[in-house]
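For reference, my_file-v2.csv (CSV, C-alpha atoms):
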```csv
chain,number,residue,atom,x,y,z
A,178,MET,CA,149.5,64.1,-206.6
A,179,ALA,CA,151.2,65.7,-209.5
A,180,SER,CA,149.4,65.8,-212.8
A,181,ASP,CA,151.9,63.3,-214.4
A,182,GLY,CA,150.9,60.8,-211.7
A,183,LYS,CA,154.3,61.0,-209.9
A,184,LEU,CA,154.6,61.9,-206.3
A,185,PRO,CA,156.1,65.4,-205.9
A,186,CYS,CA,159.7,65.8,-204.7
A,187,SER,CA,160.8,67.7,-201.7
A,188,CYS,CA,162.1,71.2,-202.4
A,189,ALA,CA,163.9,71.5,-199.0
A,190,ALA,CA,166.9,69.4,-198.0
A,191,PRO,CA,166.8,67.5,-194.7
A,192,VAL,CA,169.5,68.3,-192.2
A,193,SER,CA,171.7,65.4,-191.0
A,194,GLY,CA,170.6,64.6,-187.4
A,195,SER,CA,167.1,65.8,-187.9
A,196,VAL,CA,164.2,64.6,-185.9
A,197,LEU,CA,161.6,62.7,-188.0
A,198,LEU,CA,158.1,63.9,-187.3
A,199,CYS,CA,155.7,61.3,-188.6
A,200,GLY,CA,151.9,61.9,-189.1
A,201,TYR,CA,149.1,62.4,-191.5
A,202,TYR,CA,150.5,65.7,-192.7
A,203,GLY,CA,150.0,67.5,-196.0
A,204,GLU,CA,146.8,65.6,-196.7
A,205,HIS,CA,144.6,68.7,-196.8
A,206,ASN,CA,143.1,67.8,-193.4
A,207,LEU,CA,142.8,70.9,-191.2
A,208,GLY,CA,142.9,68.8,-188.1
A,209,ASP,CA,146.2,67.2,-188.8
A,210,ASP,CA,147.6,70.5,-190.1
A,211,ALA,CA,146.7,71.9,-186.7
A,212,LEU,CA,148.5,69.0,-185.0
A,213,LEU,CA,151.6,69.8,-187.0
A,214,GLU,CA,151.4,73.4,-186.1
A,215,SER,CA,151.1,72.6,-182.4
A,216,LEU,CA,154.0,70.0,-182.6
A,217,LEU,CA,156.4,72.4,-184.3
A,218,GLY,CA,155.5,75.1,-181.8
A,219,GLN,CA,156.5,72.8,-178.9
A,220,LEU,CA,159.8,71.5,-180.2
A,221,PRO,CA,162.8,72.5,-178.1
A,222,ALA,CA,165.1,75.2,-179.6
A,223,GLY,CA,167.7,73.8,-181.9
A,224,VAL,CA,165.8,70.7,-183.0
A,225,SER,CA,165.7,70.4,-186.8
A,226,PRO,CA,162.5,68.7,-187.9
A,227,LEU,CA,162.0,66.5,-191.0
A,228,VAL,CA,158.2,66.1,-191.6
A,229,THR,CA,156.5,63.3,-193.5
A,230,ALA,CA,154.0,65.0,-195.8
A,231,PHE,CA,152.0,64.2,-198.9
A,232,ASP,CA,151.7,67.7,-200.3
A,233,GLN,CA,155.3,68.5,-199.5
A,234,ARG,CA,155.4,71.9,-201.1
A,235,ALA,CA,152.4,73.2,-199.1
A,236,VAL,CA,154.0,72.0,-195.8
A,237,GLU,CA,157.4,73.4,-196.7
A,238,GLN,CA,156.1,76.8,-197.8
A,239,ARG,CA,153.9,77.2,-194.7
A,240,HIS,CA,156.2,76.0,-192.0
A,241,GLY,CA,159.7,76.4,-193.6
A,242,VAL,CA,160.6,72.8,-192.8
A,243,ALA,CA,162.2,69.9,-194.7
A,244,THR,CA,159.8,67.1,-195.8
A,245,VAL,CA,159.8,63.6,-197.1
A,246,GLN,CA,157.1,61.9,-199.1
A,247,ARG,CA,154.9,60.2,-196.5
A,248,ARG,CA,153.2,57.9,-199.0
A,249,SER,CA,156.5,56.3,-199.9
A,250,LEU,CA,157.6,54.0,-197.1
A,251,ARG,CA,160.9,53.5,-198.9
A,252,ALA,CA,161.6,57.2,-199.0
A,253,VAL,CA,160.7,57.7,-195.3
A,254,LEU,CA,162.9,54.7,-194.2
A,255,ALA,CA,165.8,56.1,-196.3
A,256,ALA,CA,165.5,59.5,-194.7
A,257,GLN,CA,165.1,58.0,-191.3
A,258,ARG,CA,168.6,56.6,-191.4
A,259,HIS,CA,170.0,60.1,-191.2
A,260,CYS,CA,167.7,61.1,-188.3
A,261,ARG,CA,168.5,61.0,-184.6
A,262,ALA,CA,164.9,60.4,-183.3
A,263,LEU,CA,161.4,59.5,-184.4
A,264,VAL,CA,158.3,61.3,-183.2
A,265,LEU,CA,154.8,59.9,-184.0
A,266,GLY,CA,153.1,63.3,-183.8
A,267,GLY,CA,149.5,63.4,-182.8
A,268,GLY,CA,146.3,61.9,-184.1
A,269,SER,CA,145.6,58.1,-183.9
A,270,LEU,CA,148.3,56.5,-185.9
A,271,LEU,CA,148.3,53.1,-184.2
A,272,GLN,CA,144.9,52.0,-185.4
A,273,ASP,CA,143.4,49.7,-188.0
A,274,SER,CA,140.2,51.4,-189.0
A,275,THR,CA,142.0,53.0,-191.9
A,276,SER,CA,143.7,49.7,-192.8
A,277,PHE,CA,146.0,47.1,-191.3
A,278,ARG,CA,148.5,48.2,-193.9
A,279,SER,CA,148.6,51.7,-192.2
A,280,LEU,CA,149.4,50.0,-188.9
A,281,LEU,CA,152.2,48.1,-190.5
A,282,TYR,CA,153.6,51.3,-191.9
A,283,TYR,CA,154.0,53.0,-188.5
A,284,GLY,CA,155.2,49.7,-187.0
A,285,ALA,CA,158.0,49.5,-189.6
A,286,LEU,CA,159.1,53.0,-188.7
A,287,ILE,CA,159.2,52.3,-185.0
A,288,VAL,CA,161.1,49.0,-185.5
A,289,ALA,CA,163.6,50.7,-187.9
A,290,ALA,CA,164.2,53.5,-185.4
A,291,ARG,CA,165.0,51.2,-182.5
A,292,LEU,CA,167.2,49.0,-184.7
A,293,GLN,CA,169.2,52.1,-185.5
A,294,GLY,CA,169.4,53.1,-181.8
A,295,GLN,CA,167.0,56.1,-182.2
A,296,PRO,CA,164.6,57.1,-179.5
A,297,VAL,CA,160.9,56.8,-180.3
A,298,LEU,CA,158.4,59.3,-178.9
A,299,LEU,CA,154.7,58.7,-179.2
A,300,TRP,CA,153.5,62.3,-178.7
A,301,ALA,CA,149.9,63.2,-177.9
A,302,GLN,CA,148.8,59.9,-179.5
A,303,GLY,CA,145.4,58.4,-179.7
A,304,LEU,CA,145.3,54.6,-179.7
A,305,GLY,CA,142.9,52.5,-181.6
A,306,PRO,CA,140.5,51.3,-182.7
A,307,LEU,CA,142.2,47.9,-183.0
A,308,ARG,CA,139.5,45.7,-184.5
A,309,ARG,CA,141.7,42.8,-185.5
A,310,LYS,CA,143.3,40.3,-183.2
A,311,GLY,CA,146.5,40.7,-185.2
A,312,SER,CA,146.4,44.4,-184.7
A,313,ARG,CA,146.2,44.1,-180.9
A,314,LEU,CA,149.1,41.6,-180.9
A,315,LEU,CA,151.2,43.9,-183.1
A,316,VAL,CA,150.6,47.0,-181.0
A,317,ARG,CA,151.3,45.0,-177.8
A,318,LEU,CA,154.7,44.2,-179.2
A,319,LEU,CA,155.3,47.8,-180.5
A,320,LEU,CA,154.4,49.8,-177.4
A,321,PRO,CA,157.4,48.6,-175.3
A,322,LEU,CA,159.7,49.8,-178.1
A,323,ALA,CA,158.7,53.5,-177.4
A,324,THR,CA,161.1,55.5,-175.4
A,325,ALA,CA,158.4,57.8,-174.0
A,326,ILE,CA,154.6,58.1,-174.5
A,327,SER,CA,151.9,60.7,-173.9
A,328,TRP,CA,148.3,59.8,-174.8
A,329,ARG,CA,145.8,62.4,-175.8
A,330,ASP,CA,142.8,61.0,-173.9
A,331,ALA,CA,141.8,58.6,-171.1
A,332,ALA,CA,140.3,56.0,-173.5
A,333,SER,CA,143.7,55.6,-175.3
A,334,ALA,CA,145.6,55.3,-172.0
A,335,ARG,CA,143.0,52.7,-170.8
A,336,LEU,CA,143.4,50.6,-174.0
A,337,ALA,CA,147.2,50.9,-173.7
A,338,ARG,CA,147.0,49.5,-170.1
A,339,GLN,CA,145.0,46.6,-171.4
A,340,LEU,CA,147.9,45.9,-173.8
A,341,GLY,CA,150.4,46.1,-170.9
A,342,CYS,CA,151.6,49.7,-171.3
A,343,VAL,CA,151.1,52.3,-168.7
A,344,ALA,CA,151.7,56.0,-169.7
A,345,PRO,CA,150.0,59.3,-168.8
A,346,HIS,CA,147.3,61.0,-170.8
A,347,GLY,CA,146.5,64.7,-171.3
A,348,ALA,CA,144.3,66.3,-173.9
A,349,ASP,CA,144.5,66.6,-177.7
A,350,ALA,CA,147.6,68.7,-178.6
A,351,VAL,CA,145.6,71.1,-180.7
A,352,TRP,CA,144.2,72.6,-177.4
A,353,ALA,CA,147.7,74.1,-177.0
A,354,LEU,CA,147.2,76.5,-179.9
A,355,GLU,CA,146.5,80.2,-179.0
A,356,PRO,CA,142.8,81.0,-178.4
A,357,LEU,CA,141.0,83.9,-180.0
A,358,PRO,CA,138.3,86.2,-178.6
A,359,TRP,CA,134.8,85.4,-179.8
A,360,LEU,CA,133.0,87.9,-182.0
A,361,GLY,CA,130.0,85.9,-183.2
A,362,ARG,CA,126.9,86.9,-181.3
A,363,GLY,CA,124.1,86.8,-183.8
A,364,GLY,CA,126.5,85.2,-186.3
A,365,PRO,CA,125.9,82.3,-188.7
A,366,ILE,CA,125.6,78.6,-187.9
A,367,VAL,CA,128.8,76.8,-189.1
A,368,VAL,CA,128.7,73.1,-189.7
A,369,CYS,CA,131.8,70.9,-190.1
A,370,TRP,CA,130.3,67.6,-191.1
A,371,ARG,CA,131.7,64.5,-192.9
A,372,PRO,CA,130.3,61.5,-194.7
A,373,THR,CA,129.7,58.6,-192.4
A,374,PRO,CA,128.2,55.1,-192.8
A,375,LEU,CA,126.4,55.8,-189.5
A,376,LEU,CA,123.9,58.0,-191.3
A,377,ASP,CA,121.5,56.8,-194.0
A,378,SER,CA,119.1,59.1,-195.9
A,379,ARG,CA,116.7,59.1,-193.0
A,380,GLY,CA,119.4,60.1,-190.5
A,381,TRP,CA,120.7,62.9,-192.7
A,382,SER,CA,117.0,64.1,-193.1
A,383,VAL,CA,116.7,64.4,-189.3
A,384,LEU,CA,119.9,66.4,-188.9
A,385,LEU,CA,119.1,68.7,-191.9
A,386,GLU,CA,115.6,69.3,-190.8
A,387,ALA,CA,116.8,70.3,-187.3
A,388,LEU,CA,119.4,72.6,-188.9
A,389,ASN,CA,116.8,74.1,-191.2
A,390,GLN,CA,114.3,74.8,-188.3
A,391,LEU,CA,117.0,76.4,-186.1
A,392,ALA,CA,118.3,78.6,-189.0
A,393,GLU,CA,114.8,79.6,-189.9
A,394,GLN,CA,113.7,80.4,-186.3
A,395,GLN,CA,116.8,82.4,-185.6
A,396,ASP,CA,117.2,83.9,-189.1
A,397,ARG,CA,120.8,82.6,-189.5
A,398,GLN,CA,122.9,81.9,-192.5
A,399,VAL,CA,124.4,78.4,-192.6
A,400,LEU,CA,128.1,78.0,-193.5
A,401,TRP,CA,129.5,74.6,-194.5
A,402,LEU,CA,133.2,74.3,-193.7
A,403,PRO,CA,134.8,71.1,-195.0
A,404,PHE,CA,137.7,70.1,-192.7
A,405,HIS,CA,139.1,67.3,-194.8
A,406,GLY,CA,138.8,68.7,-198.3
A,407,PRO,CA,138.9,65.5,-200.4
A,408,GLN,CA,136.4,63.8,-198.1
A,409,ASP,CA,134.1,66.6,-196.9
A,410,GLU,CA,133.7,69.0,-199.9
A,411,PRO,CA,131.4,66.6,-201.8
A,412,LEU,CA,129.0,66.2,-198.9
A,413,LEU,CA,126.8,69.2,-199.5
A,414,PRO,CA,126.3,68.5,-203.2
A,415,GLN,CA,125.7,64.9,-202.4
A,416,LEU,CA,122.9,65.8,-199.9
A,417,GLU,CA,121.4,68.0,-202.5
A,418,ARG,CA,121.4,65.1,-205.0
A,419,MET,CA,119.8,62.8,-202.4
A,420,GLY,CA,116.9,65.2,-202.1
A,421,VAL,CA,117.2,65.4,-198.3
A,422,LEU,CA,118.2,69.1,-198.1
A,423,PRO,CA,115.2,71.3,-197.3
A,424,PRO,CA,114.7,74.1,-199.8
A,425,GLY,CA,114.9,76.8,-197.1
A,426,LEU,CA,118.2,75.4,-195.8
A,427,GLN,CA,119.5,75.1,-199.3
A,428,HIS,CA,118.8,78.8,-199.8
A,429,ARG,CA,120.5,79.7,-196.5
A,430,SER,CA,123.6,77.5,-197.1
A,431,ARG,CA,127.0,78.5,-198.5
A,432,GLN,CA,130.1,76.4,-198.6
A,433,LEU,CA,133.5,77.9,-197.6
A,434,ARG,CA,137.1,76.8,-198.0
A,435,ALA,CA,139.8,77.2,-195.4
A,436,ALA,CA,143.4,76.4,-196.5
A,437,GLN,CA,144.8,76.4,-193.0
A,438,PRO,CA,143.6,76.2,-189.4
A,439,SER,CA,143.9,79.9,-188.8
A,440,GLU,CA,141.4,80.5,-191.6
A,441,ALA,CA,139.0,78.1,-190.0
A,442,MET,CA,139.4,79.8,-186.7
A,443,ALA,CA,138.6,83.2,-188.3
A,444,VAL,CA,135.3,81.7,-189.5
A,445,PHE,CA,134.5,80.1,-186.1
A,446,ARG,CA,135.2,83.2,-184.0
A,447,SER,CA,132.4,85.0,-186.0
A,448,ALA,CA,129.9,82.1,-185.6
A,449,GLY,CA,126.8,82.0,-183.4
A,450,LEU,CA,127.2,78.2,-183.2
A,451,VAL,CA,129.5,75.6,-184.6
A,452,VAL,CA,128.0,72.1,-185.0
A,453,ALA,CA,131.1,69.9,-185.4
A,454,MET,CA,131.4,66.3,-186.4
A,455,ARG,CA,135.2,66.5,-186.9
A,456,LEU,CA,137.2,66.3,-183.6
A,457,HIS,CA,139.6,69.1,-184.5
A,458,ALA,CA,136.7,71.3,-185.8
A,459,LEU,CA,135.2,71.0,-182.3
A,460,ILE,CA,138.5,71.9,-180.7
A,461,LEU,CA,139.4,74.8,-183.0
A,462,ALA,CA,135.9,76.2,-182.7
A,463,ALA,CA,136.2,76.1,-178.9
A,464,LEU,CA,139.6,77.8,-179.1
A,465,SER,CA,137.9,80.5,-181.1
A,466,GLY,CA,135.5,81.1,-178.3
A,467,SER,CA,132.5,79.9,-180.3
A,468,PRO,CA,129.5,78.1,-178.8
A,469,VAL,CA,129.8,74.4,-179.9
A,470,ALA,CA,127.8,71.3,-180.2
A,471,ALA,CA,129.1,67.9,-181.3
A,472,LEU,CA,127.9,65.1,-183.5
A,473,SER,CA,130.0,62.0,-182.6
A,474,TYR,CA,130.8,59.6,-185.5
A,475,ASP,CA,133.8,58.2,-183.4
A,476,PRO,CA,134.3,57.7,-179.7
A,477,LYS,CA,137.1,60.3,-179.7
A,478,VAL,CA,134.6,63.0,-180.5
A,479,GLN,CA,132.2,62.1,-177.7
A,480,ALA,CA,135.2,61.8,-175.3
A,481,CYS,CA,136.4,65.3,-176.2
A,482,ALA,CA,132.9,66.8,-175.9
A,483,LEU,CA,132.4,65.2,-172.5
A,484,GLU,CA,135.8,66.5,-171.2
A,485,PHE,CA,135.1,70.0,-172.5
A,486,GLY,CA,131.5,70.0,-171.3
A,487,CYS,CA,129.5,70.7,-174.5
A,488,GLY,CA,126.4,68.9,-175.8
A,489,CYS,CA,127.0,65.9,-178.0
A,490,THR,CA,124.7,63.6,-180.0
A,491,ASP,CA,126.2,60.1,-180.6
A,492,LEU,CA,125.5,59.0,-184.1
A,493,ASP,CA,126.0,55.4,-183.1
A,494,ASP,CA,122.7,55.6,-181.2
A,495,PRO,CA,119.3,56.0,-182.8
A,496,LEU,CA,118.8,59.6,-183.7
A,497,PRO,CA,116.0,61.6,-181.9
A,498,ALA,CA,113.4,63.5,-183.8
A,499,ALA,CA,114.4,66.9,-185.1
A,500,ALA,CA,112.7,68.8,-182.3
A,501,PRO,CA,115.1,67.8,-179.5
A,502,LEU,CA,118.1,68.6,-181.6
A,503,VAL,CA,116.6,72.1,-182.4
A,504,GLU,CA,116.1,72.6,-178.7
A,505,ALA,CA,119.6,71.5,-177.7
A,506,TRP,CA,121.3,73.5,-180.5
A,507,GLY,CA,119.1,76.5,-179.7
A,508,GLU,CA,120.2,76.4,-176.1
A,509,ALA,CA,123.9,76.5,-177.2
A,510,LEU,CA,123.4,79.3,-179.8
A,511,ASP,CA,125.2,82.5,-178.8
A,512,ARG,CA,126.3,81.0,-175.5
A,513,PRO,CA,130.0,80.1,-175.4
A,514,ALA,CA,131.3,77.7,-172.8
A,515,GLY,CA,133.5,80.3,-171.0
A,516,LEU,CA,137.1,80.5,-170.1
A,517,GLU,CA,137.4,77.9,-167.4
A,518,PRO,CA,136.7,74.7,-169.4
A,519,LEU,CA,139.1,76.0,-172.1
A,520,ALA,CA,141.8,76.7,-169.6
A,521,GLN,CA,141.5,73.2,-168.2
A,522,MET,CA,141.8,71.6,-171.6
A,523,ARG,CA,144.9,73.7,-172.5
A,524,GLN,CA,146.5,72.9,-169.1
A,525,ALA,CA,146.1,69.2,-169.8
A,526,THR,CA,148.4,69.5,-172.8
A,527,ALA,CA,151.4,70.4,-170.7
A,528,LEU,CA,152.7,66.8,-170.5
A,529,HIS,CA,153.1,66.7,-174.3
A,530,ARG,CA,155.4,69.7,-174.3
A,531,GLN,CA,157.4,68.1,-171.4
A,532,LEU,CA,157.7,64.9,-173.4
A,533,LEU,CA,159.4,66.8,-176.3
A,534,GLN,CA,162.1,68.1,-173.9
A,535,ARG,CA,163.8,64.7,-174.3
A,536,LEU,CA,164.8,65.9,-177.8
A,537,GLY,CA,166.8,68.9,-176.5
A,538,GLY,CA,170.5,69.0,-176.2
```

Could you write out this structure as structure tokens?
Amino acid sequence: MASDGKLPCSCAAPVSGSVLLCGYYGEHNLGDDALLESLLGQLPAGVSPLVTAFDQRAVEQRHGVATVQRRSLRAVLAAQRHCRALVLGGGSLLQDSTSFRSLLYYGALIVAARLQGQPVLLWAQGLGPLRRKGSRLLVRLLLPLATAISWRDAASARLARQLGCVAPHGADAVWALEPLPWLGRGGPIVVCWRPTPLLDSRGWSVLLEALNQLAEQQDRQVLWLPFHGPQDEPLLPQLERMGVLPPGLQHRSRQLRAAQPSEAMAVFRSAGLVVAMRLHALILAALSGSPVAALSYDPKVQACALEFGCGCTDLDDPLPAAAPLVEAWGEALDRPAGLEPLAQMRQATALHRQLLQRLGG
């Protein structure tokens, strides 16, 4: 947000007949930035995108696209009238864990598009959670309005079937980004962790003690890489204030910043291990060839880890002692998954690209 409290204006003019790409873009979340990068790379030639974004200038300067302020429903609806199609682009947009108001926002865009005769594509979407009865009813009514749908995972496709909508699923669209060769044997341990109500001070103590023991045994530096800047950057200082960060780990730790997904991948490809709580940190680390281990705060993380075949600790379950975590992470250290699991995940994204061909011509 601008210093005067007003939302920044777009510095690029939308083209009449653009395709509106709607998502959680320009919010300084590397995962959603990676989704946008994948989406733009898969658009058919000749398609002119108009992207909903909070930090419009950052998105425009990086991608050379026109934007509209995503936090203003009025501005998005006004821009939508001049578009020829709506694409809900990646992530889990039809969910109520953020808020029911968020679900209403995307519902309003879908209904407005159909009233204007525009096709609606749900591209590489996750579905849910839908914790409220009203949310499930609303989504049951919205899904038949979509012209075409591709789900990012089996759980989303299964929930959609329960709501009366059958559509294929692939893998998260970020898997379609170009992989990098791994250079990280003997490299640091990188953690991409986020605040979560699933962990109290005892839970954090267990994770941090395991990280401390592994780093000490293997003599590795520990790099903290926040994936959602506003949410994740305060975590390390908060753990220090809570008094749960072991002195040895505090000495070995350093926090980094990555402004875009390619910078995160440059860190990952030089890592001996990435312990990821964020879904797209797990995916980008795997694309960078790095050994990975997952901490699941959300079923989507566990589902991805299972499909890719890496170790995963579900934070919704009681945590084990530090020793089993040290053993599991130590077994993954300096041992990448290999090319076959990565190729399978990338192949599973093909249906998302095929879906976008409907926008051509």

* Between A:Arg523, A:Arg247, A:Arg239, A:Arg379, which is the closest to Cys199 in chain A once you count only C-alpha atoms? -> A:Arg247

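With all atoms listed in the file as the atoms that count, the residue of A:Ala505, A:Leu314, A:Ala332, A:Leu354 with the shortest distance to Ser439 in chain A is A:Leu354.
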
* Which residues, protein or nucleic acid, reach to within 9 Å of (115.3, 72.3, -181.8) in the file's coordinates when using all atoms listed in the file, and can you give that as number ranges by chain? -> A: 387-388, 390-391, 499-508

* Structure fact -> Among A:Asn389, A:Gln302, A:Ser249, A:Gln479, Gly266 in chain A is approached most closely, using only C-alpha atoms, by A:Gln302

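You can rank A:Leu286, A:Val245, A:Leu450, A:Leu315 by their closest distance to Gln233 in chain A using only C-alpha atoms, and at the top of that list sits A:Val245.
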
* Near-range 296-300 of chain A list (8 Å; only C-alpha atoms; drop same-chain fewer than 6 positions) as a count of residues only -> 19

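Proximity ranking of A:Arg535, A:Arg446, A:Arg329, A:His346 relative to Ile366 in chain A places A:Arg446 first, based on only C-alpha atoms.
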
* To do: May I ask for the distance between CA of Asp377 in chain A and CA of Ser279 in chain A, given in Å to one decimal place?
  => 27.6 Å

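Residues in contact with Ala480 in chain A at 10 Å, where all atoms listed in the file are counted and same-chain residues fewer than 2 positions away are skipped, are listed as A:Asp330, A:Ala331, A:Ala332, A:Leu456, A:Ser473, A:Asp475, A:Pro476, A:Lys477, A:Val478, A:Ala482, A:Leu483, A:Glu484, A:Phe485, A:Gly486, A:Cys489.
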
* Test item: residues at most 12 Å from Gln427 in chain A, all atoms listed in the file, excluding those fewer than 6 positions along its chain, as a PyMOL selection string -> chain A and resi 385-386+388-389+392-393+398-401+413-414+416-418+420-421

Those selected residues, please, written with C-alpha atoms and delivered as a compact mmCIF listing (two decimals), keeping the file's coordinate frame.
```
# COMPACT_ATOMS: atom_id res chain seq x y z
CA LEU A 385 119.10 68.70 -191.90
CA GLU A 386 115.60 69.30 -190.80
CA LEU A 388 119.40 72.60 -188.90
CA ASN A 389 116.80 74.10 -191.20
CA ALA A 392 118.30 78.60 -189.00
CA GLU A 393 114.80 79.60 -189.90
CA GLN A 398 122.90 81.90 -192.50
CA VAL A 399 124.40 78.40 -192.60
CA LEU A 400 128.10 78.00 -193.50
CA TRP A 401 129.50 74.60 -194.50
CA LEU A 413 126.80 69.20 -199.50
CA PRO A 414 126.30 68.50 -203.20
CA LEU A 416 122.90 65.80 -199.90
CA GLU A 417 121.40 68.00 -202.50
CA ARG A 418 121.40 65.10 -205.00
CA GLY A 420 116.90 65.20 -202.10
CA VAL A 421 117.20 65.40 -198.30
```

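What separates CA of Phe404 in chain A from CA of Ala436 in chain A is a distance of 9.3 Å.
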
* Asked: Which is closer to Ser382 in chain A than all the others in A:Leu250, A:Cys369, A:Ala520, A:Pro497, using only C-alpha atoms?
  -> A:Pro497
